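Asks: input-v8.cif is reproduced in full below (mmCIF, C-alpha atoms and all ligand atoms).
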```cif
data_my_file
loop_
_atom_site.label_atom_id
_atom_site.label_comp_id
_atom_site.auth_asym_id
_atom_site.auth_seq_id
_atom_site.Cartn_x
_atom_site.Cartn_y
_atom_site.Cartn_z
CA MET A 1 0.00 0.00 0.00
CA ILE A 2 1.30 3.44 -0.97
CA VAL A 3 -0.29 6.73 0.17
CA THR A 4 0.75 9.85 -1.79
CA ILE A 5 0.73 13.39 -0.39
CA ASP A 6 1.56 16.04 -2.97
CA GLY A 7 1.21 19.81 -2.86
CA VAL A 8 2.79 23.23 -3.22
CA ALA A 9 5.85 24.44 -1.26
CA ALA A 10 5.35 24.61 2.53
CA SER A 11 1.75 23.40 2.32
CA GLY A 12 2.47 20.86 5.07
CA LYS A 13 3.40 17.77 3.05
CA SER A 14 6.27 16.45 5.15
CA SER A 15 4.63 17.20 8.52
CA VAL A 16 1.37 15.57 7.43
CA ALA A 17 3.18 12.62 5.80
CA SER A 18 5.15 12.10 9.01
CA GLY A 19 2.00 12.16 11.17
CA VAL A 20 0.13 9.79 8.87
CA ALA A 21 3.13 7.45 8.65
CA ARG A 22 3.48 7.40 12.43
CA ALA A 23 -0.22 6.60 12.88
CA LEU A 24 0.07 3.74 10.38
CA GLY A 25 3.41 2.49 11.73
CA ILE A 26 5.12 2.78 8.32
CA PRO A 27 7.86 5.10 6.96
CA TYR A 28 7.32 8.17 4.84
CA VAL A 29 9.50 9.11 1.90
CA SER A 30 10.41 12.70 1.01
CA SER A 31 11.05 12.97 -2.73
CA GLY A 32 11.95 16.67 -2.30
CA LEU A 33 14.98 15.67 -0.23
CA LEU A 34 16.42 13.84 -3.25
CA TYR A 35 16.01 16.97 -5.42
CA ARG A 36 17.53 19.01 -2.61
CA THR A 37 20.48 16.59 -2.34
CA ALA A 38 21.16 16.81 -6.09
CA THR A 39 21.10 20.61 -5.75
CA LEU A 40 23.43 20.77 -2.74
CA LEU A 41 25.96 18.40 -4.30
CA GLY A 42 25.85 20.37 -7.56
CA LEU A 43 26.39 23.68 -5.74
CA GLU A 44 29.25 22.28 -3.66
CA ALA A 45 30.95 20.90 -6.78
CA GLY A 46 30.62 24.28 -8.52
CA LEU A 47 28.48 22.82 -11.32
CA GLU A 48 26.03 24.76 -13.47
CA LEU A 49 22.63 23.73 -12.10
CA ASN A 50 21.21 23.30 -15.62
CA ASP A 51 24.07 21.02 -16.77
CA ALA A 52 22.29 17.65 -16.57
CA THR A 53 25.26 15.64 -17.89
CA ALA A 54 27.69 16.99 -15.30
CA LEU A 55 25.14 16.72 -12.48
CA LEU A 56 24.25 13.11 -13.28
CA ALA A 57 27.91 12.11 -13.54
CA HIS A 58 28.53 13.73 -10.15
CA LEU A 59 25.50 12.03 -8.55
CA ARG A 60 26.55 8.63 -9.89
CA ALA A 61 30.08 9.13 -8.57
CA ASN A 62 28.70 10.04 -5.10
CA PRO A 63 25.88 7.56 -4.42
CA LEU A 64 23.51 8.69 -1.70
CA ARG A 65 21.39 6.80 0.78
CA LEU A 66 17.90 7.99 1.70
CA GLU A 67 16.76 6.67 5.07
CA PRO A 68 12.93 6.93 5.10
CA ARG A 69 11.64 6.96 8.68
CA ALA A 70 8.24 7.99 10.07
CA LYS A 71 9.64 10.84 12.15
CA GLY A 72 11.88 12.38 9.48
CA ASN A 73 14.00 11.32 6.51
CA ARG A 74 17.79 11.39 6.55
CA VAL A 75 20.22 11.53 3.61
CA TRP A 76 23.81 10.32 3.58
CA VAL A 77 26.57 10.45 1.00
CA GLY A 78 29.17 7.94 2.14
CA GLU A 79 29.85 8.67 5.83
CA ARG A 80 28.58 12.27 5.60
CA GLU A 81 25.04 13.11 6.67
CA LEU A 82 23.56 15.94 4.55
CA THR A 83 20.12 16.16 6.18
CA ALA A 84 20.63 19.38 8.14
CA GLU A 85 22.04 21.23 5.10
CA LEU A 86 19.21 20.43 2.70
CA HIS A 87 16.79 23.15 3.86
CA SER A 88 19.04 26.17 3.43
CA SER A 89 17.87 29.19 1.43
CA ARG A 90 20.55 28.59 -1.22
CA VAL A 91 19.22 25.08 -1.83
CA ASP A 92 15.64 26.49 -1.88
CA ALA A 93 16.75 29.00 -4.52
CA GLY A 94 18.37 26.45 -6.86
CA VAL A 95 16.29 23.31 -6.45
CA SER A 96 13.56 24.07 -9.01
CA ARG A 97 16.15 24.46 -11.78
CA VAL A 98 17.62 21.06 -10.93
CA ALA A 99 14.13 19.50 -10.65
CA ALA A 100 13.31 20.75 -14.17
CA LEU A 101 15.93 18.42 -15.70
CA PRO A 102 14.34 15.20 -17.05
CA GLU A 103 17.55 13.25 -16.32
CA VAL A 104 17.45 14.26 -12.67
CA ARG A 105 13.74 13.40 -12.44
CA ALA A 106 14.47 9.92 -13.83
CA TRP A 107 17.30 9.50 -11.26
CA VAL A 108 14.91 10.44 -8.39
CA ASP A 109 12.02 8.31 -9.70
CA ALA A 110 14.20 5.19 -10.02
CA GLN A 111 15.27 5.48 -6.38
CA LEU A 112 11.69 5.98 -5.17
CA ARG A 113 10.33 3.04 -7.16
CA ALA A 114 13.01 0.75 -5.70
CA LEU A 115 11.77 1.31 -2.11
CA PRO A 116 9.92 -1.51 -0.36
CA GLU A 117 6.19 -0.92 0.35
CA PRO A 118 4.31 0.13 2.40
CA PHE A 119 5.10 3.84 2.74
CA VAL A 120 3.69 7.34 2.50
CA ALA A 121 5.36 9.31 -0.35
CA GLU A 122 5.32 13.12 -0.43
CA GLY A 123 6.33 15.62 -3.10
CA ARG A 124 4.83 17.11 -6.25
CA ASP A 125 4.24 14.22 -8.67
CA MET A 126 3.96 11.17 -6.40
CA GLY A 127 0.30 10.55 -7.29
CA THR A 128 0.61 11.48 -10.96
CA ASN A 129 3.93 10.23 -12.37
CA VAL A 130 5.74 8.10 -9.83
CA PHE A 131 3.00 6.06 -8.11
CA PRO A 132 -0.13 6.47 -10.28
CA HIS A 133 -1.55 3.24 -8.78
CA ALA A 134 -1.23 4.42 -5.15
CA GLY A 135 -4.02 3.25 -2.84
CA ALA A 136 -4.89 6.77 -1.67
CA LYS A 137 -3.85 10.22 -2.95
CA PHE A 138 -3.94 13.66 -1.35
CA TYR A 139 -2.98 17.15 -2.52
CA LEU A 140 -2.32 19.93 0.01
CA THR A 141 -2.76 23.65 -0.63
CA ALA A 142 -2.73 26.87 1.43
CA SER A 143 -2.44 30.54 0.49
CA PRO A 144 1.08 31.92 -0.16
CA ARG A 145 0.85 34.13 2.94
CA VAL A 146 -0.11 31.26 5.27
CA ARG A 147 2.68 29.12 3.86
CA ALA A 148 5.21 31.94 4.19
CA GLU A 149 4.18 32.56 7.81
CA ARG A 150 4.66 28.89 8.62
CA ARG A 151 8.05 28.68 6.88
CA ALA A 152 9.24 31.92 8.52
CA LYS A 153 9.36 29.93 11.76
CA GLU A 154 12.00 27.67 10.15
CA ARG A 155 14.10 30.18 8.13
CA PRO A 156 16.05 33.36 8.97
CA GLU A 157 14.35 35.51 6.26
CA ASP A 158 11.21 37.62 6.87
CA VAL A 159 7.68 36.69 5.71
CA PRO A 160 7.58 38.88 2.54
CA ALA A 161 10.95 37.54 1.30
CA ILE A 162 9.86 33.96 1.98
CA GLU A 163 6.49 34.52 0.31
CA ALA A 164 8.23 35.88 -2.81
CA ALA A 165 10.59 32.90 -2.94
CA LEU A 166 7.75 30.39 -2.42
CA THR A 167 5.65 31.98 -5.15
CA GLU A 168 8.59 31.89 -7.55
CA ARG A 169 9.23 28.22 -6.71
CA ASP A 170 5.52 27.41 -7.27
CA ARG A 171 5.84 29.02 -10.70
CA LEU A 172 8.97 27.07 -11.63
CA ASP A 173 7.41 23.83 -10.30
CA THR A 174 4.07 24.23 -12.13
CA VAL A 175 4.75 21.51 -14.72
CA GLN A 176 5.16 18.70 -12.18
CA SER A 177 2.72 20.06 -9.56
CA ALA A 178 -0.75 19.29 -10.95
CA PRO A 179 -2.97 17.30 -8.57
CA ALA A 180 -3.81 13.76 -9.67
CA PRO A 181 -7.44 13.60 -10.91
CA ASP A 182 -8.19 11.07 -8.16
CA ALA A 183 -6.46 13.04 -5.35
CA ARG A 184 -8.45 14.51 -2.45
CA VAL A 185 -7.49 18.21 -2.28
CA ILE A 186 -7.17 19.65 1.26
CA ASP A 187 -6.75 23.37 2.00
CA THR A 188 -4.59 23.22 5.14
CA GLY A 189 -4.95 26.99 5.77
CA PRO A 190 -7.86 26.89 8.21
CA LEU A 191 -6.85 23.57 9.81
CA THR A 192 -4.39 22.52 12.49
CA LEU A 193 -1.73 19.97 11.64
CA ASP A 194 -3.59 17.32 13.65
CA GLU A 195 -6.82 18.10 11.81
CA VAL A 196 -5.12 17.59 8.43
CA ILE A 197 -3.57 14.31 9.60
CA GLY A 198 -7.01 13.22 10.88
CA ALA A 199 -8.65 14.13 7.56
CA VAL A 200 -6.11 12.02 5.64
CA LEU A 201 -6.43 9.05 8.01
CA SER A 202 -10.24 9.17 7.82
CA GLU A 203 -10.13 8.84 4.02
CA LEU A 204 -7.83 5.83 3.84
CA PRO A 205 -9.29 2.57 2.55
CA GLU A 206 -9.78 -0.19 5.18
P1 LIG B 1 6.12 21.01 3.10
O1 LIG B 1 6.69 19.66 3.35
O2 LIG B 1 4.90 21.01 2.22
O3 LIG B 1 7.13 22.01 2.64
P2 LIG B 1 6.06 21.29 5.98
O4 LIG B 1 5.55 19.96 6.42
O5 LIG B 1 7.52 21.57 6.10
O6 LIG B 1 5.58 21.58 4.47
O7 LIG B 1 5.18 22.37 6.77
C1 LIG B 1 5.60 23.68 6.95
C2 LIG B 1 5.31 24.08 8.39
O8 LIG B 1 3.91 24.31 8.56
C3 LIG B 1 5.69 23.02 9.42
O9 LIG B 1 6.40 23.66 10.46
C4 LIG B 1 4.32 22.53 9.91
O10 LIG B 1 4.36 22.05 11.24
C5 LIG B 1 3.51 23.81 9.84
N1 LIG B 1 2.05 23.73 9.89
C6 LIG B 1 1.29 24.56 10.63
N2 LIG B 1 -0.02 24.31 10.47
C7 LIG B 1 -0.12 23.29 9.60
C8 LIG B 1 -1.23 22.60 9.03
N3 LIG B 1 -2.49 22.90 9.31
N4 LIG B 1 -0.98 21.62 8.17
C9 LIG B 1 0.30 21.32 7.85
N5 LIG B 1 1.40 21.96 8.35
C10 LIG B 1 1.20 22.93 9.23
O1 LIG B 2 9.08 21.35 1.41
P1 LIG B 2 9.05 22.17 0.15
O2 LIG B 2 7.76 22.06 -0.55
O3 LIG B 2 9.53 23.57 0.35
O4 LIG B 2 10.14 21.53 -0.77
P2 LIG B 2 10.38 20.00 -1.16
O5 LIG B 2 9.13 19.20 -1.11
O6 LIG B 2 11.56 19.53 -0.37
O7 LIG B 2 10.79 20.15 -2.69
C1 LIG B 2 11.89 20.94 -3.07
C2 LIG B 2 11.82 21.11 -4.58
O8 LIG B 2 12.04 19.84 -5.20
C3 LIG B 2 10.51 21.63 -5.15
O9 LIG B 2 10.46 23.04 -5.15
C4 LIG B 2 10.55 21.06 -6.58
O10 LIG B 2 11.36 21.87 -7.42
C5 LIG B 2 11.27 19.74 -6.38
N1 LIG B 2 10.38 18.58 -6.31
C6 LIG B 2 9.87 18.08 -7.48
O11 LIG B 2 10.08 18.66 -8.54
N2 LIG B 2 9.14 16.93 -7.47
C7 LIG B 2 8.89 16.29 -6.31
N3 LIG B 2 8.20 15.16 -6.33
C8 LIG B 2 9.39 16.81 -5.10
C9 LIG B 2 10.12 17.97 -5.13
#
```
Would you kindly transcribe this structure into structure tokens?

Replies:
Amino acid sequence: MIVTIDGVAASGKSSVASGVARALGIPYVSSGLLYRTATLLGLEAGLELNDATALLAHLRANPLRLEPRAKGNRVWVGERELTAELHSSRVDAGVSRVAALPEVRAWVDAQLRALPEPFVAEGRDMGTNVFPHAGAKFYLTASPRVRAERRAKERPEDVPAIEAALTERDRLDTVQSAPAPDARVIDTGPLTLDEVIGAVLSELPE
């Protein structure tokens, strides 16, 4: 059984996926962390973020390990843990360019499809491209201001700067961010985190 939770930036995907996964006693998988890892490694190596050939060669030479757990995913390259560095503003600013490269998307998708079920998968295209046969699909939204206010609690920048960056990332991510036709869309704006988790759990098949 796979449950997919897609949605726009900072709509609550990873927090909701974690809560749902914990309630079900299964891991959740953050696809965004793989795009963020590709971006961080590319930046550190001084690569052009639109140079798919160089990026892929670098990713293949530095194999990563995604550890999907219910309470939070971790990413390692060799002995080095990258997790804490993946949510920086410089990764935020570059990740959509990396995620636009079909070669990088194929690299991420292959890793996700190799994971053992069951799990909750969160991202942009989990219910559309990667796991179209998932048992239950959700798509989270919230207004740009609500999302920026939430993310401002996790980043050093102020709300207007974060809102501008989120809106720009939504624009760059439009192609892969359409909800699946069979996804239940949830506006998380007026809800608490626990209410969103409860709404997802109440819609799961027996
Ligand atoms: P995403 O994975 O979509 O970027 P996150 O899970 O990181 O989003 O959520 C952003 C922040 O919003 C988190 O700190 C989360 O706890 C908080 N949050 C506050 N209210 C809600 C809500 N109703 N639903 C989901 N997340 C919420
Ligand atoms: O948590 P937030 O929504 O801010 O970001 P994320 O889910 O970690 O995703 C980071 C970026 O990766 C997104 O802005 C997209 O560019 C890309 N992404 C994607 O293209 N497809 C996915 N399935 C997941 C993420």

Asks: Would you pick out the contacts of A:Ala114 at 12 Å or less, using all atoms listed in the file, so that residues sharing its chain but fewer than 3 positions from it are not included, and give the list as a list in words?

Replies: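 My list of contacting residues is Val29, Leu66, Trp107, Val108, Asp109, Ala110, Gln111, Glu117, Pro118, Phe119, Val130 and Phe131 of chain A.
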
Asks: I need the residues from that last selection saved to file as a PDB file, keeping the file's coordinate frame (with C-alpha atoms), if you can.

Replies:
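The resulting selection.pdb:
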```
ATOM      1  CA  VAL A  29       9.500   9.110   1.900  1.00  0.00           C
ATOM      2  CA  LEU A  66      17.900   7.990   1.700  1.00  0.00           C
ATOM      3  CA  TRP A 107      17.300   9.500 -11.260  1.00  0.00           C
ATOM      4  CA  VAL A 108      14.910  10.440  -8.390  1.00  0.00           C
ATOM      5  CA  ASP A 109      12.020   8.310  -9.700  1.00  0.00           C
ATOM      6  CA  ALA A 110      14.200   5.190 -10.020  1.00  0.00           C
ATOM      7  CA  GLN A 111      15.270   5.480  -6.380  1.00  0.00           C
ATOM      8  CA  GLU A 117       6.190  -0.920   0.350  1.00  0.00           C
ATOM      9  CA  PRO A 118       4.310   0.130   2.400  1.00  0.00           C
ATOM     10  CA  PHE A 119       5.100   3.840   2.740  1.00  0.00           C
ATOM     11  CA  VAL A 130       5.740   8.100  -9.830  1.00  0.00           C
ATOM     12  CA  PHE A 131       3.000   6.060  -8.110  1.00  0.00           C
TER      13      PHE A 131
END
```

Asks: Go through A:Gly42, A:Gly25, A:Gly72, A:Gly94 one by one, measure the shortest atom-to-atom distance of each to ligand LIG 1 (chain B) using all atoms listed in the file, and give the residue with the smallest value.

Replies: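 Counting all atoms listed in the file, the residue closest to ligand LIG 1 (chain B) is A:Gly72.
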
Asks: With a distance cut-off of 9 Å and only C-alpha atoms, select the neighbouring residues of A:Leu201, excluding the residue or stretch itself and same-chain residues fewer than 3 positions from it, and output the selection as JSON, numbers by chain.

Replies: {"A": [20, 23, 24, 196, 197, 198, 204, 205]}

Asks: Pick from A:Asn50, A:Thr128, A:Thr188, A:Ser143: nearest to ligand LIG 2 (chain B), with all atoms listed in the file counted?

Replies: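 Nearest to ligand LIG 2 (chain B): A:Thr128.
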
Asks: Per residue of chain A within 8 Å of ligand LIG 2 (chain B), record the nearest atom pair and its distance in Å to one decimal, counting all atoms listed in the file, with rows in chain order and ascending residue number, as a Markdown table.

Replies:
```
| residue | atom | partner | partner_atom | distance |
| --- | --- | --- | --- | --- |
| A:Asp6 | CA | B:LIG2 | N3 | 7.5 |
| A:Gly7 | CA | B:LIG2 | O2 | 7.3 |
| A:Val8 | CA | B:LIG2 | O2 | 5.8 |
| A:Ala9 | CA | B:LIG2 | O2 | 3.1 |
| A:Ala10 | CA | B:LIG2 | O2 | 4.7 |
| A:Ser11 | CA | B:LIG2 | O2 | 6.8 |
| A:Gly12 | CA | B:LIG2 | O1 | 7.6 |
| A:Lys13 | CA | B:LIG2 | O1 | 6.9 |
| A:Ser14 | CA | B:LIG2 | O1 | 6.8 |
| A:Ser30 | CA | B:LIG2 | O5 | 7.0 |
| A:Ser31 | CA | B:LIG2 | C8 | 4.8 |
| A:Gly32 | CA | B:LIG2 | O6 | 3.5 |
| A:Leu33 | CA | B:LIG2 | O6 | 5.2 |
| A:Leu34 | CA | B:LIG2 | O8 | 7.7 |
| A:Tyr35 | CA | B:LIG2 | O8 | 4.9 |
| A:Arg36 | CA | B:LIG2 | C1 | 6.0 |
| A:His87 | CA | B:LIG2 | O6 | 7.6 |
| A:Asp92 | CA | B:LIG2 | C1 | 6.8 |
| A:Val95 | CA | B:LIG2 | O10 | 5.2 |
| A:Ser96 | CA | B:LIG2 | O10 | 3.5 |
| A:Arg97 | CA | B:LIG2 | O10 | 7.0 |
| A:Val98 | CA | B:LIG2 | O10 | 7.2 |
| A:Ala99 | CA | B:LIG2 | O11 | 4.6 |
| A:Ala100 | CA | B:LIG2 | O11 | 6.8 |
| A:Arg105 | CA | B:LIG2 | O11 | 7.5 |
| A:Glu122 | CA | B:LIG2 | N3 | 6.9 |
| A:Gly123 | CA | B:LIG2 | N3 | 3.8 |
| A:Arg124 | CA | B:LIG2 | N3 | 3.9 |
| A:Asp125 | CA | B:LIG2 | N3 | 4.7 |
| A:Met126 | CA | B:LIG2 | N3 | 5.8 |
| A:Leu166 | CA | B:LIG2 | O3 | 7.6 |
| A:Arg169 | CA | B:LIG2 | O9 | 5.5 |
| A:Asp170 | CA | B:LIG2 | O9 | 6.9 |
| A:Leu172 | CA | B:LIG2 | O10 | 7.1 |
| A:Asp173 | CA | B:LIG2 | O10 | 5.3 |
| A:Gln176 | CA | B:LIG2 | O11 | 6.1 |
| A:Ser177 | CA | B:LIG2 | N2 | 7.4 |
```

Asks: Between A:Glu44, A:Glu168, A:Asp187, A:Glu195, which one has atoms that come closest to A:Val146, using only C-alpha atoms?

Replies: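 When distances to A:Val146 are compared using only C-alpha atoms, the smallest one comes from A:Asp187.
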
Asks: Any idea what's packed within 7 Å of A:Ala17, counting all atoms listed in the file, ignoring anything in its chain fewer than 5 positions away? Could you give it as a PDB file with C-alpha atoms, in the frame of the given file?

Replies:
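Result written to out13.pdb:
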```
ATOM      1  CA  ILE A   5       0.730  13.390  -0.390  1.00  0.00           C
ATOM      2  CA  TYR A  28       7.320   8.170   4.840  1.00  0.00           C
ATOM      3  CA  VAL A 120       3.690   7.340   2.500  1.00  0.00           C
ATOM      4  CA  GLU A 122       5.320  13.120  -0.430  1.00  0.00           C
TER       5      GLU A 122
END
```

Asks: What is the atom CA of A:Asp182-atom CA of A:His133 distance in Å, reported with one decimal?

Replies: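 According to the coordinates, atom CA of A:Asp182 and atom CA of A:His133 are separated by 10.3 Å.
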
Asks: Please determine an axis-aligned box that encloses all atoms of stretch 16-22 of chain A listed in the file, with 6 Å added on each side, and express its centre and edge lengths in Å to one decimal as JSON.

Replies:
```
{"center_x": 2.6, "center_y": 11.5, "center_z": 9.1, "size_x": 17.0, "size_y": 20.2, "size_z": 18.6}
```

Asks: Skip A:Ile186 itself and residues of its chain fewer than 2 positions away, then list as a list of chain:residue names all residues within 10 Å of it, counting all atoms listed in the file.

Replies: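 Neighbouring residues, sequence-local ones excluded: A:Gly7, A:Ser11, A:Phe138, A:Tyr139, A:Leu140, A:Thr141, A:Ala142, A:Ala183, A:Arg184, A:Thr188, A:Gly189, A:Leu191, A:Val196, A:Ala199, A:Val200.
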
Asks: Kindly indicate which residue among A:Ala152, A:Ala106, A:Ala121, A:Ala134 lies nearest to A:Leu56, using all atoms listed in the file for the distances.

Replies: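 Residue with the minimum atom-to-atom distance to A:Leu56: A:Ala106.
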
Asks: Please complete stretch 164-176 of chain A so it has N, CA, C and O atoms, and hand it over as a short mmCIF file (atom, residue, chain, number, x, y, z; two decimals), in the frame of the given file.

Replies:
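Generated output (result-v2.cif):
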```
data_model
loop_
_atom_site.label_atom_id
_atom_site.label_comp_id
_atom_site.auth_asym_id
_atom_site.auth_seq_id
_atom_site.Cartn_x
_atom_site.Cartn_y
_atom_site.Cartn_z
N ALA A 164 7.77 35.66 -1.43
CA ALA A 164 8.23 35.88 -2.81
C ALA A 164 8.98 34.65 -3.34
O ALA A 164 8.76 34.21 -4.48
N ALA A 165 9.83 34.07 -2.50
CA ALA A 165 10.59 32.90 -2.94
C ALA A 165 9.69 31.69 -3.15
O ALA A 165 9.86 30.93 -4.11
N LEU A 166 8.68 31.53 -2.28
CA LEU A 166 7.75 30.39 -2.42
C LEU A 166 6.93 30.53 -3.70
O LEU A 166 6.73 29.55 -4.43
N THR A 167 6.47 31.76 -3.96
CA THR A 167 5.65 31.98 -5.15
C THR A 167 6.45 31.73 -6.42
O THR A 167 5.95 31.13 -7.38
N GLU A 168 7.72 32.13 -6.39
CA GLU A 168 8.59 31.89 -7.55
C GLU A 168 8.82 30.38 -7.73
O GLU A 168 8.78 29.86 -8.84
N ARG A 169 9.04 29.67 -6.61
CA ARG A 169 9.23 28.22 -6.71
C ARG A 169 7.96 27.53 -7.21
O ARG A 169 8.04 26.62 -8.05
N ASP A 170 6.78 27.97 -6.74
CA ASP A 170 5.52 27.41 -7.27
C ASP A 170 5.47 27.56 -8.78
O ASP A 170 5.06 26.65 -9.50
N ARG A 171 5.89 28.75 -9.26
CA ARG A 171 5.84 29.02 -10.70
C ARG A 171 6.77 28.07 -11.46
O ARG A 171 6.38 27.46 -12.44
N LEU A 172 7.99 27.94 -10.95
CA LEU A 172 8.97 27.07 -11.63
C LEU A 172 8.57 25.59 -11.54
O LEU A 172 8.96 24.80 -12.39
N ASP A 173 7.80 25.24 -10.51
CA ASP A 173 7.41 23.83 -10.30
C ASP A 173 6.06 23.48 -10.93
O ASP A 173 5.58 22.35 -10.76
N THR A 174 5.44 24.44 -11.65
CA THR A 174 4.07 24.23 -12.13
C THR A 174 3.92 22.94 -12.93
O THR A 174 2.95 22.19 -12.74
N VAL A 175 4.90 22.66 -13.80
CA VAL A 175 4.75 21.51 -14.72
C VAL A 175 4.51 20.21 -13.96
O VAL A 175 3.63 19.42 -14.32
N GLN A 176 5.27 19.99 -12.88
CA GLN A 176 5.16 18.70 -12.18
C GLN A 176 4.22 18.75 -10.97
O GLN A 176 4.18 17.81 -10.19
#
```
